[in-house]
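A short worksheet on the structure shown next.
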Amino acid sequence: MVETIEQLDESTSLDLKIRLLTEGLDVDAESIRQNFPDIQDYKVNNLKVSDRHFAKPGSKIRYYIPDELMLHEDGKRSVVKVYYTQNSRLMLSHDGEDLIISDKNNGDKTHQAISLLKKSVVHQKEIEGSRLSEYVSVVGLDKVSVIPYDGCSNWVLGNQCKFCGANPKRLGFTKGKPNVIEIGSDYGNNISGWWNHNRENSLAGIREGIAALLSDPSVEPHFHLMFMAGNLIDVNAEWDILLDIIGSVAADHDIYRMDSSVIAMPPADFSKVSRAHDLGISNIAFNMECYDHETFKEVCPGKEEMHGYHNMIRDLERCVDIYGAGNVRTNFVLGSERIETLKQGVMNLASKGIVSDYSTFFPRPASGWANRSPTEKGYLIEFSDFVTEVYLENGFKPYACEVSSRSSIANEVYNQKNGDR
C-alpha cells in the first residue's frame with residue numbers, strides 16, 4: 001500500500017510509472033531504430049494534435065518516441081504515457097535484447113520489464129482514403145476513444161486551458177477528420193452546415209472503426225468506450241453531434257455493456273444529457289480541471305466564460321439524478337492548485353455522488369504552461385493515496401483500468417489498497 005514516498009518500493013512498476021509521469025523520458029532513437037525495423041507497426045507519438053514532446057514538429061526522432069509504454073511486473077501490466085524531453089534523467093534504449101530505462105546520471109537500470117504497444121487494426125483499415133484510426137483510437141490496450149473532430153473553439157478564441165497542448169497552429173490537423181478551424185474559415189460559423197457536410201464520412205468511419213475493434217483480440221481485457229468532443233462555441237450543437245454519433249453506434253451495439261462514457265461540457269438544454277443515458281451511456285464527465293474557483297477562472301478561462309464554475313458543479317449534481325452516484329465524474333489536473341484545496345473539493349463532490357478523476361500535469365510545448373514544472377512526485381503520491389481512500393469509503397472506482405489509464409496511478413493504487421482490505 002502506497003502511503004508516502006518513503007514507503008514506496010523503488011523496484012516496482014508503480015514507482016517507475018510515477019517517475020515517468022513526473023520526470024518525462026529521453027529516448028535513444030538510434031537503438032530503437034536498429035532493434036525495431038517494424039517500428040511503424042507500434043504506437044509512436046507523431047500525432048498532429050495535442051503535442052506533448054519537446055522536439056521540433058518535423059524532427060525524425062518523433063518516429064521513434066513511443067506513445068505509451070507497458071510496464072510488466074509479476075504477471076501484471078500497467079500502461080504509462082510518454083512525455084519526451086531531453087532534460088529527463090531517464091533514458092529509454094534497447095540493449096540488443098531488451099528495452100531498458102536507465103538513469104543518465106549514474107547508469108543504473110530499472111528492474112521492470114518494458115514493452116511497446118502495437119497499433120490496433122484501425123491503423124491498417126481505411127474508408128474513403130482515410131484510416132479508421134482518424135475516427136476511432138485505442139488508448140492503452142482497451143480504452144476506445146471516439147473524437148468526432150479535431151480541435152477546440154477555445155483555441156480559436158484564445159481562451160484555451162493553460163495546460164492544453166492541442167494548439168492547431170503548431171502541428172495542424174489530421175487529414176480526413178473535420179476540424180474546428182473550418183467552421184469559421186469555410187462555413188461562416190455555421191456549425192450544423194459544417195457537421196452535415198462531414199457527417200456521412202465521420203459516422204461511417206466511427207461505426208466501422210468500433211466494429212473492427214470489437215473483433216480485434218488485442219483490445220483486451222475490457223472495452224471502455226469513450227465519446228469526447230472539443231469545445232464548440234455552441235455547446236448544444238456540440239451535444240447534437242455527440243448524440244448523432246452515439247445514436248448511430250447504439251443502433252449497431254449495446255453500448256451500455258461497454259462501460260461507455262461521454263466527456264464534454266454541459267449543454268444548456270439538459271434533456272440532451274438524459275438522451276445520452278437513454279441511448280446506453282453509463283458514465284458522464286464534465287471536467288472542472290481545478291476545484292478552487294479563482295484558479296479555475298485563471299486556468300480555464302474558456303470554460304468559465306462558456307458555462308461557469310458554479311454552473312458546472314450544479315450540472316454535475318443534476319447528472320447524479322440521471323446516471324446515479326458513482327457514475328458522474330470530473331477530472332482534475334494535478335499540480336494546478338494547492339493539494340489541500342483539491343482534497344476538500346474531492347470530499348465535497350464525493351458527498352454528492354460525484355467521482356473525482358485526475359491526470360498528472362506535465363508541460364507541453366504549445367501550451368500556456370510550457371515552462372511550468374511537472375507535478376511533484378510527492379504531490380502525486382499523496383493525492384493518489386487520498387483519493388483512493390475516498391473511492392473506497394464511497395463505493396467508487398477509478399475510471400477504466402490500469403492498462404488504459406496512462407496519466408494517473410489511480411487504478412494501481414486502488415488495486416493495492418483494495419487488495420489489502
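Identifiers in this document derive from the order of the C-alpha cells: chains are assigned A, B, ..., residues are numbered from 1 separately in each chain, and ligands are numbered from 1 in order of occurrence.
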Could I get the residues of range 201-307 of chain A with an atom no further than 12 Å from an atom of range 125-148 of chain A, each paired with its nearest atom pair and that distance in Å to one decimal, using only C-alpha atoms, sorted by chain and residue number, as CSV?
residue,atom,partner,partner_atom,distance
A:Asn201,CA,A:Glu128,CA,7.7
A:Ser202,CA,A:Pro148,CA,6.9
A:Leu203,CA,A:Pro148,CA,8.5
A:Ala204,CA,A:Ile127,CA,8.0
A:Gly205,CA,A:Leu132,CA,5.7
A:Ile206,CA,A:Tyr135,CA,5.4
A:Arg207,CA,A:Val136,CA,8.9
A:Glu208,CA,A:Leu132,CA,7.3
A:Gly209,CA,A:Leu132,CA,5.4
A:Ile210,CA,A:Val136,CA,7.0
A:Ala211,CA,A:Val136,CA,10.3
A:Ala212,CA,A:Lys125,CA,8.7
A:Leu213,CA,A:Val144,CA,8.2
A:Leu214,CA,A:Val144,CA,9.8
A:Asp216,CA,A:Asp142,CA,10.4
A:Pro217,CA,A:Leu141,CA,10.1
A:Ser218,CA,A:Leu141,CA,7.0
A:Val219,CA,A:Asp142,CA,4.9
A:Glu220,CA,A:Asp142,CA,5.3
A:Pro221,CA,A:Asp142,CA,6.6
A:His222,CA,A:Asp142,CA,5.6
A:Phe223,CA,A:Asp142,CA,5.3
A:His224,CA,A:Lys143,CA,4.6
A:Leu225,CA,A:Val144,CA,4.9
A:Met226,CA,A:Ser145,CA,4.9
A:Phe227,CA,A:Val146,CA,4.8
A:Met228,CA,A:Ile147,CA,5.1
A:Ala229,CA,A:Ile147,CA,5.7
A:Gly230,CA,A:Ile147,CA,8.0
A:Asn231,CA,A:Ile147,CA,11.4
A:Glu238,CA,A:Pro148,CA,10.0
A:Trp239,CA,A:Pro148,CA,11.4
A:Asp240,CA,A:Pro148,CA,11.8
A:Ile241,CA,A:Pro148,CA,8.2
A:Leu242,CA,A:Pro148,CA,7.9
A:Leu243,CA,A:Pro148,CA,11.2
A:Asp244,CA,A:Pro148,CA,10.5
A:Ile245,CA,A:Pro148,CA,8.2
A:Ile246,CA,A:Val146,CA,9.7
A:Val249,CA,A:Val146,CA,10.6
A:Ile255,CA,A:Val144,CA,11.9
A:Met258,CA,A:Val144,CA,9.8
A:Asp259,CA,A:Lys143,CA,9.6
A:Ser260,CA,A:Val144,CA,9.4
A:Ser261,CA,A:Ser145,CA,9.8
A:Val262,CA,A:Val146,CA,9.6
A:Ile263,CA,A:Ile147,CA,10.0
A:Ala264,CA,A:Ile147,CA,10.7
*Excluding range 233-236 of chain A and any residue of its chain fewer than 6 positions from it, enumerate the residues within 9 Å of it, using only C-alpha atoms, and give them as a ChimeraX atom specification.*
/A:152-154,191,264-269,272,306
The selected residues should be written to file as a compact mmCIF listing (two decimals), in the first residue's frame (atoms: all heavy atoms).
# COMPACT_ATOMS: atom_id res chain seq x y z
N CYS A 152 -10.50 22.61 -30.56
CA CYS A 152 -11.37 23.18 -29.55
C CYS A 152 -11.53 24.66 -29.87
O CYS A 152 -10.54 25.35 -30.13
CB CYS A 152 -10.75 22.97 -28.16
SG CYS A 152 -11.55 23.88 -26.82
N SER A 153 -12.77 25.14 -29.83
CA SER A 153 -13.01 26.54 -30.19
C SER A 153 -12.33 27.51 -29.23
O SER A 153 -12.09 28.67 -29.58
CB SER A 153 -14.52 26.81 -30.23
OG SER A 153 -15.10 26.18 -31.35
N ASN A 154 -12.03 27.06 -28.02
CA ASN A 154 -11.35 27.95 -27.09
C ASN A 154 -9.97 28.34 -27.61
O ASN A 154 -9.48 29.44 -27.33
CB ASN A 154 -11.25 27.30 -25.71
CG ASN A 154 -12.58 27.29 -24.99
OD1 ASN A 154 -13.41 28.16 -25.20
ND2 ASN A 154 -12.80 26.29 -24.15
N ILE A 191 -22.26 25.79 -37.69
CA ILE A 191 -21.82 24.50 -37.17
C ILE A 191 -22.60 23.36 -37.78
O ILE A 191 -22.03 22.32 -38.16
CB ILE A 191 -21.93 24.47 -35.62
CG1 ILE A 191 -20.97 25.49 -35.01
CG2 ILE A 191 -21.64 23.07 -35.08
CD1 ILE A 191 -21.11 25.63 -33.50
N ALA A 264 -17.65 15.91 -22.03
CA ALA A 264 -17.94 17.14 -22.75
C ALA A 264 -18.25 18.25 -21.75
O ALA A 264 -18.16 18.04 -20.53
CB ALA A 264 -19.12 16.94 -23.71
N MET A 265 -18.59 19.41 -22.25
CA MET A 265 -19.11 20.48 -21.41
C MET A 265 -20.61 20.30 -21.26
O MET A 265 -21.26 19.72 -22.13
CB MET A 265 -18.79 21.84 -22.01
CG MET A 265 -17.34 22.25 -21.89
SD MET A 265 -16.85 22.58 -20.18
CE MET A 265 -17.67 24.15 -19.88
N PRO A 266 -21.23 20.80 -20.18
CA PRO A 266 -22.67 20.66 -20.01
C PRO A 266 -23.43 21.48 -21.05
O PRO A 266 -23.08 22.63 -21.33
CB PRO A 266 -22.93 21.22 -18.60
CG PRO A 266 -21.59 21.23 -17.92
CD PRO A 266 -20.58 21.44 -19.01
N PRO A 267 -24.49 20.91 -21.64
CA PRO A 267 -25.29 21.67 -22.59
C PRO A 267 -26.31 22.55 -21.86
O PRO A 267 -26.71 22.25 -20.74
CB PRO A 267 -26.00 20.57 -23.39
CG PRO A 267 -26.17 19.45 -22.39
CD PRO A 267 -24.94 19.51 -21.51
N ALA A 268 -26.74 23.60 -22.53
CA ALA A 268 -27.80 24.44 -21.96
C ALA A 268 -29.10 23.66 -21.91
O ALA A 268 -29.87 23.77 -20.95
CB ALA A 268 -27.96 25.71 -22.78
N ASP A 269 -29.36 22.87 -22.94
CA ASP A 269 -30.54 22.01 -22.98
C ASP A 269 -30.19 20.69 -22.29
O ASP A 269 -29.62 19.80 -22.90
CB ASP A 269 -30.96 21.78 -24.42
CG ASP A 269 -32.19 20.88 -24.55
OD1 ASP A 269 -32.70 20.41 -23.50
OD2 ASP A 269 -32.62 20.63 -25.69
N LYS A 272 -30.55 16.80 -23.29
CA LYS A 272 -29.58 16.08 -24.10
C LYS A 272 -28.76 15.12 -23.25
O LYS A 272 -28.35 14.04 -23.71
CB LYS A 272 -28.67 17.06 -24.85
CG LYS A 272 -29.42 17.97 -25.82
CD LYS A 272 -28.49 18.95 -26.52
CE LYS A 272 -29.27 19.96 -27.35
NZ LYS A 272 -30.01 19.35 -28.46
N MET A 306 -17.83 30.14 -21.08
CA MET A 306 -18.92 29.47 -21.79
C MET A 306 -19.95 28.84 -20.86
O MET A 306 -21.10 28.66 -21.25
CB MET A 306 -18.37 28.42 -22.77
CG MET A 306 -17.83 27.16 -22.14
SD MET A 306 -17.61 25.82 -23.36
CE MET A 306 -16.95 26.67 -24.78
*Looking at A:Ser336, A:Asn327, A:Gln344, A:Asn411, which one is nearest to Gly395 in chain A, with distances taken over only C-alpha atoms?*
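The shortest atom-to-atom distance to Gly395 in chain A comes from A:Asn327.
For range 50-190 of chain A, backbone-based DSSP assignment of alpha helix (DSSP H) covers Ser153, Asn154, Trp155, Val156, Leu157, Pro168, Lys169, Arg170, Leu171, Ile181, Glu182, Ile183, Gly184 and Ser185 of chain A.
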Output file for the residues above (C-alpha atoms, as a JSON list (two decimals), in the first residue's frame):
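And here is the file that came out, selection.json:
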[["chain", "number", "residue", "atom", "x", "y", "z"],
["A", 153, "SER", "CA", -13.01, 26.54, -30.19],
["A", 154, "ASN", "CA", -11.35, 27.95, -27.09],
["A", 155, "TRP", "CA", -8.05, 27.82, -29.01],
["A", 156, "VAL", "CA", -9.67, 29.75, -31.84],
["A", 157, "LEU", "CA", -10.89, 32.37, -29.36],
["A", 168, "PRO", "CA", -3.68, 23.81, -34.07],
["A", 169, "LYS", "CA", -1.12, 26.42, -35.17],
["A", 170, "ARG", "CA", 1.78, 24.19, -34.13],
["A", 171, "LEU", "CA", 1.14, 20.90, -35.89],
["A", 181, "ILE", "CA", -10.94, 25.90, -37.81],
["A", 182, "GLU", "CA", -13.07, 25.02, -40.84],
["A", 183, "ILE", "CA", -16.25, 26.14, -39.06],
["A", 184, "GLY", "CA", -15.21, 29.76, -39.38],
["A", 185, "SER", "CA", -12.95, 29.63, -42.42]]
*Determine the nearest neighbour of Arg275 in chain A from the options A:Lys118, A:Asp103, A:Cys319, A:Leu21, counting only C-alpha atoms.*
A:Cys319
*Please return as a list of chain:residue names: the residues of range 108-237 of chain A that backbone DSSP assigns to strand (DSSP E).*
A:Ala113, A:Ile114, A:Ser115, A:Leu116, A:Glu126, A:Ile127, A:Ser130, A:Arg131, A:Val136, A:Ser137, A:Val138, A:Val139, A:Lys143, A:Val144, A:Ser145, A:Val146, A:His224, A:Leu225, A:Met226, A:Phe227, A:Met228
Go ahead and write the selection's residues with C-alpha atoms as a PDB file, in the first residue's frame.
ATOM      1  CA  ALA A 113      10.196  -5.411 -17.969  1.00  0.00           C
ATOM      2  CA  ILE A 114       9.047  -2.896 -20.582  1.00  0.00           C
ATOM      3  CA  SER A 115       7.316  -3.332 -23.920  1.00  0.00           C
ATOM      4  CA  LEU A 116       5.970  -1.185 -26.734  1.00  0.00           C
ATOM      5  CA  GLU A 126      -9.259   2.660 -44.478  1.00  0.00           C
ATOM      6  CA  ILE A 127     -12.525   4.265 -45.502  1.00  0.00           C
ATOM      7  CA  SER A 130      -8.692   7.827 -44.535  1.00  0.00           C
ATOM      8  CA  ARG A 131      -7.526   5.383 -41.905  1.00  0.00           C
ATOM      9  CA  VAL A 136     -11.516   5.896 -33.513  1.00  0.00           C
ATOM     10  CA  SER A 137      -8.366   5.299 -31.486  1.00  0.00           C
ATOM     11  CA  VAL A 138      -7.269   2.983 -28.692  1.00  0.00           C
ATOM     12  CA  VAL A 139      -5.675   4.391 -25.550  1.00  0.00           C
ATOM     13  CA  LYS A 143      -9.963   2.375 -23.911  1.00  0.00           C
ATOM     14  CA  VAL A 144     -11.619   3.129 -27.236  1.00  0.00           C
ATOM     15  CA  SER A 145     -11.809   6.854 -27.861  1.00  0.00           C
ATOM     16  CA  VAL A 146     -14.231   8.472 -30.295  1.00  0.00           C
ATOM     17  CA  HIS A 224     -14.069   1.101 -22.353  1.00  0.00           C
ATOM     18  CA  LEU A 225     -15.908   3.233 -24.924  1.00  0.00           C
ATOM     19  CA  MET A 226     -15.377   6.973 -24.541  1.00  0.00           C
ATOM     20  CA  PHE A 227     -17.130   9.668 -26.599  1.00  0.00           C
ATOM     21  CA  MET A 228     -15.346  13.023 -26.422  1.00  0.00           C
TER      22      MET A 228
END
_When you count only C-alpha atoms, which of these residues is closest to Thr375 in chain A: A:Arg19, A:His197, A:His310, A:Lys352?_
A:Arg19
_Among listed residues A:Lys303, A:Lys417, A:Lys343, A:His94, nearest Gln34 in chain A (using only C-alpha atoms)_ =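 Answer, going by the shortest atom-to-atom distance: A:His94.
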_Please determine, counting only C-alpha atoms, which residue among A:Ser408, A:His53, A:Asn311, A:Arg318 has the shortest atom-to-atom distance to Val79 in chain A._
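When distances to Val79 in chain A are compared using only C-alpha atoms, the smallest one comes from A:Ser408.
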_Near-Ala366 in chain A list (8 Å; only C-alpha atoms; drop same-chain fewer than 3 positions) as a list in words_ =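 The residues that qualify are Asp51, Cys164, Gly165, Ala166, Asn167, Arg170 and Ala370 of chain A.
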*May I have the residues within 7 Å of Arg62 in chain A as number ranges by chain, using only C-alpha atoms and disregarding those fewer than 2 positions away in the same chain?*
A: 45-46, 59-60, 64-65
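From CA of Trp369 in chain A back to CA of His293 in chain A, the distance works out to 18.9 Å.
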